[in-house]
file coords.txt (compact mmCIF, C-alpha atoms)
# COMPACT_ATOMS: atom_id res chain seq x y z
CA MET A 116 14.26 7.36 14.84
CA VAL A 117 15.76 4.57 12.71
CA LYS A 118 19.38 4.78 11.57
CA ILE A 119 21.21 2.16 9.51
CA GLU A 120 24.98 2.25 9.16
CA ALA A 121 27.22 0.09 6.94
CA LEU A 122 24.56 -2.64 6.72
CA THR A 123 25.47 -5.71 4.68
CA LYS A 124 23.15 -8.67 4.07
CA SER A 125 23.70 -11.66 1.82
CA PHE A 126 22.14 -15.03 1.13
CA GLY A 127 24.95 -17.38 0.24
CA SER A 128 26.95 -15.77 -2.53
CA HIS A 129 24.17 -13.32 -3.39
CA ILE A 130 24.77 -9.92 -1.76
CA LEU A 131 21.45 -8.17 -1.26
CA PHE A 132 22.94 -4.91 -0.02
CA LYS A 133 26.41 -3.86 1.06
CA ASN A 134 27.43 -1.03 3.38
CA LEU A 135 23.91 0.42 3.23
CA ALA A 136 23.44 3.70 5.13
CA LEU A 137 19.92 5.08 5.70
CA ASP A 138 18.26 7.50 8.08
CA PHE A 139 14.48 7.36 8.64
CA PRO A 140 13.04 10.55 10.18
CA PRO A 141 11.02 10.37 13.40
CA GLY A 142 7.29 10.99 13.33
CA LYS A 143 7.09 10.60 9.55
CA LEU A 144 5.82 7.98 7.08
CA THR A 145 8.47 6.66 4.69
CA VAL A 146 7.64 4.45 1.70
CA ILE A 147 10.04 1.84 0.26
CA MET A 148 9.43 0.83 -3.36
CA GLY A 149 11.08 -1.42 -5.91
CA PRO A 150 10.71 -4.66 -7.88
CA SER A 151 10.00 -7.98 -6.19
CA GLY A 152 13.12 -9.65 -4.84
CA CYS A 153 15.21 -6.49 -4.52
CA GLY A 154 15.45 -6.70 -0.73
CA LYS A 155 12.62 -4.47 0.55
CA THR A 156 11.14 -7.11 2.86
CA THR A 157 14.57 -8.24 4.02
CA LEU A 158 15.43 -4.66 4.93
CA LEU A 159 12.31 -4.44 7.13
CA ARG A 160 13.10 -7.80 8.72
CA CYS A 161 16.62 -6.59 9.50
CA ILE A 162 15.26 -3.43 11.15
CA ASN A 163 13.22 -5.50 13.61
CA PHE A 164 15.80 -8.32 13.78
CA LEU A 165 13.57 -11.05 12.38
CA GLU A 166 16.51 -11.42 10.00
CA LEU A 167 20.06 -11.02 11.30
CA PHE A 168 22.27 -9.03 8.95
CA ASP A 169 25.89 -9.95 8.16
CA SER A 170 27.43 -6.77 9.52
CA GLY A 171 26.64 -3.17 10.29
CA THR A 172 24.68 -1.23 12.91
CA ILE A 173 21.01 -0.40 13.48
CA SER A 174 19.74 2.27 15.87
CA ILE A 175 16.12 2.61 16.98
CA GLY A 176 15.45 5.57 19.21
CA ASP A 177 18.13 5.64 21.88
CA LEU A 178 19.21 2.01 21.41
CA ARG A 179 21.97 0.88 19.04
CA VAL A 180 23.35 -2.54 18.21
CA GLY A 181 25.69 -3.91 15.58
CA TRP A 182 28.36 -6.43 14.82
CA ALA A 183 31.20 -7.17 12.43
CA GLU A 184 31.17 -9.76 9.66
CA GLY A 185 31.05 -13.30 11.04
CA GLU A 186 29.74 -12.31 14.49
CA SER A 187 25.99 -12.72 13.86
CA ASN A 188 26.12 -16.49 14.53
CA HIS A 189 27.46 -16.02 18.04
CA LEU A 190 26.07 -12.83 19.56
CA SER A 191 27.01 -12.10 23.14
CA PRO A 192 24.33 -12.27 25.85
CA GLU A 193 24.44 -8.46 26.02
CA GLN A 194 23.83 -8.17 22.26
CA LYS A 195 20.96 -10.67 22.42
CA LEU A 196 19.34 -8.72 25.24
CA LEU A 197 19.70 -5.49 23.29
CA VAL A 198 18.17 -7.09 20.19
CA ARG A 199 15.16 -8.18 22.26
CA LYS A 200 14.75 -4.66 23.66
CA MET A 201 14.98 -3.11 20.21
CA ARG A 202 12.49 -5.59 18.77
CA LEU A 203 9.96 -4.38 21.34
CA LYS A 204 10.31 -0.90 19.88
CA THR A 205 8.92 -2.03 16.50
CA GLY A 206 5.51 -3.24 15.38
CA MET A 207 5.37 -5.35 12.22
CA VAL A 208 2.39 -5.80 9.88
CA PHE A 209 2.73 -8.51 7.23
CA GLN A 210 1.02 -9.23 3.91
CA THR A 211 -1.03 -11.97 5.55
CA PHE A 212 -3.00 -11.10 8.66
CA ASN A 213 -1.82 -14.01 10.86
CA LEU A 214 -4.70 -13.63 13.30
CA PHE A 215 -5.61 -16.48 15.64
CA PRO A 216 -8.91 -17.80 14.23
CA HIS A 217 -10.10 -19.23 17.56
CA LEU A 218 -9.74 -15.87 19.35
CA THR A 219 -12.01 -12.86 19.11
CA VAL A 220 -10.76 -9.56 17.75
CA LEU A 221 -10.35 -8.28 21.30
CA GLU A 222 -8.46 -11.40 22.40
CA ASN A 223 -6.13 -11.20 19.38
CA VAL A 224 -5.15 -7.63 20.30
CA MET A 225 -4.84 -8.40 24.05
CA LEU A 226 -2.64 -11.46 23.69
CA ALA A 227 0.84 -9.98 23.12
CA PRO A 228 0.64 -7.32 25.88
CA ILE A 229 -0.37 -10.04 28.35
CA GLN A 230 2.15 -12.65 27.20
CA VAL A 231 5.13 -10.42 26.43
CA LYS A 232 4.72 -7.32 28.57
CA LYS A 233 2.95 -9.13 31.43
CA ILE A 234 0.13 -6.57 31.50
CA GLN A 235 -2.86 -7.59 33.60
CA PRO A 236 -5.81 -8.86 31.48
CA LYS A 237 -8.15 -6.08 32.63
CA GLU A 238 -5.63 -3.40 31.67
CA ALA A 239 -4.86 -5.17 28.38
CA ALA A 240 -8.58 -5.29 27.52
CA LEU A 241 -8.96 -1.55 28.12
CA LEU A 242 -5.89 -0.87 25.97
CA ALA A 243 -7.14 -3.18 23.20
CA ARG A 244 -10.61 -1.58 23.15
CA ARG A 245 -9.09 1.89 22.92
CA ILE A 246 -6.84 0.90 20.01
CA LEU A 247 -9.64 -0.92 18.18
CA GLU A 248 -11.72 2.25 18.40
CA ARG A 249 -8.73 4.10 17.00
CA VAL A 250 -8.64 1.88 13.88
CA GLY A 251 -12.42 1.99 13.43
CA LEU A 252 -13.26 -1.48 14.77
CA GLY A 253 -14.73 -0.71 18.17
CA GLU A 254 -17.94 -2.52 17.28
CA LYS A 255 -16.09 -5.70 16.23
CA VAL A 256 -14.44 -6.61 19.55
CA GLU A 257 -16.39 -9.85 19.99
CA ALA A 258 -16.22 -10.92 16.33
CA TYR A 259 -13.96 -13.73 15.11
CA PRO A 260 -11.53 -13.17 12.21
CA ALA A 261 -13.53 -15.38 9.83
CA LYS A 262 -16.43 -12.94 10.11
CA LEU A 263 -14.34 -9.94 9.04
CA SER A 264 -13.41 -8.61 5.62
CA GLY A 265 -9.78 -8.64 4.55
CA GLY A 266 -9.49 -4.91 5.23
CA GLN A 267 -10.92 -5.35 8.70
CA GLN A 268 -8.57 -8.24 9.45
CA GLN A 269 -5.57 -6.15 8.42
CA ARG A 270 -6.76 -3.32 10.66
CA VAL A 271 -6.93 -5.81 13.53
CA ALA A 272 -3.34 -6.80 12.69
CA ILE A 273 -2.33 -3.12 12.89
CA ALA A 274 -4.19 -2.77 16.21
CA ARG A 275 -2.37 -5.85 17.52
CA SER A 276 0.99 -4.23 16.75
CA LEU A 277 -0.07 -0.88 18.22
CA ALA A 278 -1.09 -2.64 21.45
CA MET A 279 2.59 -3.26 22.11
CA GLN A 280 3.07 0.53 22.05
CA PRO A 281 5.95 0.53 19.56
CA GLU A 282 8.00 3.55 18.58
CA VAL A 283 8.14 2.45 14.92
CA MET A 284 5.58 0.66 12.75
CA LEU A 285 6.83 -1.48 9.84
CA TYR A 286 4.52 -2.68 7.05
CA ASP A 287 5.39 -5.30 4.44
CA GLU A 288 3.00 -4.72 1.52
CA PRO A 289 0.01 -4.60 3.90
CA THR A 290 -2.60 -4.25 1.14
CA SER A 291 -1.27 -6.79 -1.37
CA GLN A 292 -3.78 -9.48 -0.28
CA LEU A 293 -6.79 -7.14 -0.35
CA ASP A 294 -9.45 -6.45 -2.96
CA PRO A 295 -9.00 -2.96 -4.44
CA GLN A 296 -12.10 -1.59 -2.69
CA LEU A 297 -10.65 -2.54 0.72
CA VAL A 298 -7.19 -1.03 0.25
CA ASP A 299 -8.14 2.45 1.46
CA GLU A 300 -9.47 1.02 4.74
CA VAL A 301 -5.90 0.13 5.65
CA PHE A 302 -4.19 3.14 4.08
CA ASN A 303 -6.55 5.49 5.95
CA VAL A 304 -5.46 4.01 9.29
CA MET A 305 -1.83 4.60 8.30
CA ARG A 306 -2.66 8.18 7.25
CA GLU A 307 -4.29 8.81 10.63
CA LEU A 308 -1.25 7.39 12.45
CA ASP A 309 0.91 9.69 10.32
CA ARG A 310 -1.15 12.70 11.43
CA GLU A 311 -0.63 11.57 15.04
CA GLY A 312 3.15 11.53 14.54
CA MET A 313 3.85 7.79 14.45
CA THR A 314 7.11 6.81 12.73
CA GLN A 315 6.12 4.40 9.93
CA ILE A 316 8.11 2.56 7.24
CA VAL A 317 5.93 1.07 4.51
CA VAL A 318 6.84 -1.34 1.71
CA THR A 319 4.18 -0.92 -0.98
CA HIS A 320 3.69 -0.90 -4.74
CA SER A 321 1.09 1.87 -4.53
CA GLU A 322 2.52 4.88 -6.33
CA GLN A 323 -0.54 6.95 -5.39
CA PHE A 324 -0.16 6.24 -1.67
CA ALA A 325 3.54 7.10 -1.87
CA ARG A 326 2.77 10.31 -3.74
CA ASP A 327 -0.10 11.41 -1.48
CA THR A 328 1.13 10.35 1.96
CA ALA A 329 4.86 9.68 2.19
CA CYS A 330 7.28 12.18 3.63
CA ARG A 331 10.04 10.46 1.63
CA VAL A 332 10.26 7.58 -0.84
CA LEU A 333 13.17 5.13 -0.84
CA ARG A 334 13.30 3.46 -4.23
CA PHE A 335 15.44 0.51 -5.32
CA GLU A 336 17.15 1.46 -8.60
CA GLN A 337 20.27 0.21 -10.33
CA ASN A 338 21.12 -2.30 -7.59
CA SER A 339 20.91 0.21 -4.75
CA PHE A 340 18.38 2.15 -2.67
CA ARG A 341 18.02 5.85 -3.50
CA TRP A 342 15.96 8.59 -1.88
CA GLN A 343 13.42 10.39 -4.03
call {"tool": "encode", "arguments": {"input": "coords.txt", "output": "structure tokens"}}
result
Amino acid sequence: MVKIEALTKSFGSHILFKNLALDFPPGKLTVIMGPSGCGKTTLLRCINFLELFDSGTISIGDLRVGWAEGESNHLSPEQKLLVRKMRLKTGMVFQTFNLFPHLTVLENVMLAPIQVKKIQPKEAALLARRILERVGLGEKVEAYPAKLSGGQQQRVAIARSLAMQPEVMLYDEPTSQLDPQLVDEVFNVMRELDREGMTQIVVTHSEQFARDTACRVLRFEQNSFRWQ
């Protein structure tokens, strides 16, 4: 589902990874672990093109795009279009929930399908309600984010990404801002998506979640990523 070939990313003179090659299996949950600052978040951001890499190739499903060193600052119109198409194939869940406080839960989940995919509001509302039921928040559709717990807000953030009907879900330490008693609320949604066959890539520090749920663990050790 996600294939990375010869990926290089640097910030100034600091090379984060060089000629990285990884293959993430479809329909499975993969965990990425490692110390802070090793490049886990940057790797996720490269996969959904929030961060442009220096060189290399990324494939998501049947789409593939890449460039040589020095080309990322002047992508061709065709490459830019392909990047936009590939970005639509991924849903991203961040550490912070980033919900719009003036919108209800339902409106938060409806917004992107209406604005980006041009889905009619009535259809978007039906889709949003169905997904909110799926993450256990069907009774919260008219609530505002300030009235929700942290775990509930993060589940809304997951629902918002799912509403775009992605092929891959990416999570950047999705439970790091939550109280310990709320962590399982979010992990249980991810476990259910795993049972349904959603391809998921999760950056987390939770050894137990990795042990209990992950199909594979990619761990940063000795200045490189290694499968465990």
call {"tool": "closest_residue", "arguments": {"input": "coords.txt", "among": "A:Ala278, A:Pro289, A:Glu184, A:Arg270", "to": "Ile246 (chain A)", "atoms": "all atoms listed in the file"}}
result
A:Ala278
call {"tool": "residues_around", "arguments": {"input": "coords.txt", "residues": "Ala272 (chain A)", "least_positions_apart": "4", "cutoff": "10 Å", "atoms": "all atoms listed in the file", "output": "list in words"}}
result
Gly206, Met207, Val208, Phe209, Thr211, Phe212, Asn213, Leu214, Val220, Asn223, Val224, Gly266, Gln267, Gln268, Ser276, Leu277, Ala278 and Pro289 of chain A
call {"tool": "residues_around", "arguments": {"input": "coords.txt", "residues": "Gly154 (chain A)", "least_positions_apart": "4", "cutoff": "8 Å", "atoms": "all atoms listed in the file", "output": "list in words"}}
result
Leu131, Phe132 and Leu158 of chain A
call {"tool": "residues_around", "arguments": {"input": "coords.txt", "residues": "region 292-301 of chain A", "least_positions_apart": "5", "cutoff": "12 Å", "atoms": "only C-alpha atoms", "output": "MDAnalysis selection string"}}
result
chainID A and resid 208:212 250:252 263:274 286:287 306:308 317 319:321 323:324
call {"tool": "atom_distance", "arguments": {"input": "coords.txt", "atom1": "CA of Cys330 (chain A)", "atom2": "CA of Val146 (chain A)"}}
result
8.0 Å
call {"tool": "closest_residue", "arguments": {"input": "coords.txt", "among": "A:Leu203, A:Leu333, A:Ala240, A:Ala136", "to": "Leu178 (chain A)", "atoms": "only C-alpha atoms"}}
result
A:Leu203
call {"tool": "atom_distance", "arguments": {"input": "coords.txt", "atom1": "CA of Asn303 (chain A)", "atom2": "CA of Arg326 (chain A)"}}
result
14.3 Å
call {"tool": "closest_residue", "arguments": {"input": "coords.txt", "among": "A:Met116, A:Cys161, A:Ile229, A:Ile130", "to": "Leu144 (chain A)", "atoms": "all atoms listed in the file"}}
result
A:Met116
call {"tool": "closest_residue", "arguments": {"input": "coords.txt", "among": "A:His217, A:Arg244, A:Lys124, A:Lys200", "to": "Lys232 (chain A)", "atoms": "only C-alpha atoms"}}
result
A:Lys200
call {"tool": "residues_near_point", "arguments": {"input": "coords.txt", "point": "(16.0, 0.3, 1.0)", "cutoff": "9 Å", "atoms": "all atoms listed in the file", "output": "ChimeraX atom specification"}}
result
/A:132,135,137,147-149,153-155,158-159,333-335,339-342
call {"tool": "closest_residue", "arguments": {"input": "coords.txt", "among": "A:Tyr259, A:Leu242, A:Lys195, A:Arg249", "to": "Glu311 (chain A)", "atoms": "all atoms listed in the file"}}
result
A:Arg249
call {"tool": "atom_distance", "arguments": {"input": "coords.txt", "atom1": "CA of Thr145 (chain A)", "atom2": "CA of Val117 (chain A)"}}
result
11.0 Å
call {"tool": "closest_residue", "arguments": {"input": "coords.txt", "among": "A:Lys255, A:Ile162, A:Gly185, A:Thr328", "to": "Met305 (chain A)", "atoms": "only C-alpha atoms"}}
result
A:Thr328
call {"tool": "residues_near_point", "arguments": {"input": "coords.txt", "point": "(16.2, -11.0, 14.4)", "cutoff": "10 Å", "atoms": "all atoms listed in the file", "output": "number ranges by chain"}}
result
A: 160-168, 187, 195, 198-199, 201-202
call {"tool": "residues_around", "arguments": {"input": "coords.txt", "residues": "region 171-176 of chain A", "least_positions_apart": "4", "cutoff": "7 Å", "atoms": "all atoms listed in the file", "output": "ChimeraX atom specification"}}
result
/A:116-123,162,180-183,201
call {"tool": "build_atoms", "arguments": {"input": "coords.txt", "residues": "region 126-145 of chain A", "atoms": "N, CA and C atoms", "output": "PDB file, in the coordinates of the input"}}
result
ATOM      1  N   PHE A 126      22.646 -13.665   1.037  1.00  0.00           N
ATOM      2  CA  PHE A 126      22.140 -15.030   1.130  1.00  0.00           C
ATOM      3  C   PHE A 126      23.074 -15.891   0.294  1.00  0.00           C
ATOM      4  N   GLY A 127      23.943 -16.632   0.982  1.00  0.00           N
ATOM      5  CA  GLY A 127      24.950 -17.380   0.240  1.00  0.00           C
ATOM      6  C   GLY A 127      25.887 -16.423  -0.470  1.00  0.00           C
ATOM      7  N   SER A 128      26.058 -16.636  -1.761  1.00  0.00           N
ATOM      8  CA  SER A 128      26.950 -15.770  -2.530  1.00  0.00           C
ATOM      9  C   SER A 128      26.251 -14.531  -3.076  1.00  0.00           C
ATOM     10  N   HIS A 129      24.928 -14.455  -2.876  1.00  0.00           N
ATOM     11  CA  HIS A 129      24.170 -13.320  -3.390  1.00  0.00           C
ATOM     12  C   HIS A 129      24.137 -12.201  -2.349  1.00  0.00           C
ATOM     13  N   ILE A 130      24.763 -11.077  -2.659  1.00  0.00           N
ATOM     14  CA  ILE A 130      24.770  -9.920  -1.760  1.00  0.00           C
ATOM     15  C   ILE A 130      23.557  -9.068  -2.061  1.00  0.00           C
ATOM     16  N   LEU A 131      22.673  -8.936  -1.080  1.00  0.00           N
ATOM     17  CA  LEU A 131      21.450  -8.170  -1.260  1.00  0.00           C
ATOM     18  C   LEU A 131      21.727  -6.680  -1.153  1.00  0.00           C
ATOM     19  N   PHE A 132      22.444  -6.277  -0.115  1.00  0.00           N
ATOM     20  CA  PHE A 132      22.940  -4.910  -0.020  1.00  0.00           C
ATOM     21  C   PHE A 132      24.241  -4.908   0.774  1.00  0.00           C
ATOM     22  N   LYS A 133      25.064  -3.911   0.468  1.00  0.00           N
ATOM     23  CA  LYS A 133      26.410  -3.860   1.060  1.00  0.00           C
ATOM     24  C   LYS A 133      26.688  -2.437   1.529  1.00  0.00           C
ATOM     25  N   ASN A 134      27.098  -2.324   2.789  1.00  0.00           N
ATOM     26  CA  ASN A 134      27.430  -1.030   3.380  1.00  0.00           C
ATOM     27  C   ASN A 134      26.308   0.001   3.199  1.00  0.00           C
ATOM     28  N   LEU A 135      25.080  -0.449   3.398  1.00  0.00           N
ATOM     29  CA  LEU A 135      23.910   0.420   3.230  1.00  0.00           C
ATOM     30  C   LEU A 135      23.823   1.397   4.402  1.00  0.00           C
ATOM     31  N   ALA A 136      23.592   2.663   4.098  1.00  0.00           N
ATOM     32  CA  ALA A 136      23.440   3.700   5.130  1.00  0.00           C
ATOM     33  C   ALA A 136      22.136   4.449   4.868  1.00  0.00           C
ATOM     34  N   LEU A 137      21.228   4.433   5.843  1.00  0.00           N
ATOM     35  CA  LEU A 137      19.920   5.080   5.700  1.00  0.00           C
ATOM     36  C   LEU A 137      19.526   5.726   7.014  1.00  0.00           C
ATOM     37  N   ASP A 138      18.757   6.784   6.909  1.00  0.00           N
ATOM     38  CA  ASP A 138      18.260   7.500   8.080  1.00  0.00           C
ATOM     39  C   ASP A 138      16.769   7.744   7.877  1.00  0.00           C
ATOM     40  N   PHE A 139      15.919   7.173   8.749  1.00  0.00           N
ATOM     41  CA  PHE A 139      14.480   7.360   8.640  1.00  0.00           C
ATOM     42  C   PHE A 139      14.026   8.391   9.676  1.00  0.00           C
ATOM     43  N   PRO A 140      13.369   9.463   9.258  1.00  0.00           N
ATOM     44  CA  PRO A 140      13.040  10.550  10.180  1.00  0.00           C
ATOM     45  C   PRO A 140      11.954  10.168  11.176  1.00  0.00           C
ATOM     46  N   PRO A 141      12.037  10.679  12.389  1.00  0.00           N
ATOM     47  CA  PRO A 141      11.020  10.370  13.400  1.00  0.00           C
ATOM     48  C   PRO A 141       9.700  11.070  13.103  1.00  0.00           C
ATOM     49  N   GLY A 142       8.614  10.388  13.456  1.00  0.00           N
ATOM     50  CA  GLY A 142       7.290  10.990  13.330  1.00  0.00           C
ATOM     51  C   GLY A 142       6.795  11.125  11.910  1.00  0.00           C
ATOM     52  N   LYS A 143       7.457  10.473  10.958  1.00  0.00           N
ATOM     53  CA  LYS A 143       7.090  10.600   9.550  1.00  0.00           C
ATOM     54  C   LYS A 143       6.821   9.226   8.943  1.00  0.00           C
ATOM     55  N   LEU A 144       6.096   9.214   7.822  1.00  0.00           N
ATOM     56  CA  LEU A 144       5.820   7.980   7.080  1.00  0.00           C
ATOM     57  C   LEU A 144       6.736   7.931   5.865  1.00  0.00           C
ATOM     58  N   THR A 145       7.542   6.875   5.800  1.00  0.00           N
ATOM     59  CA  THR A 145       8.470   6.660   4.690  1.00  0.00           C
ATOM     60  C   THR A 145       8.015   5.442   3.893  1.00  0.00           C
TER      61      THR A 145
END
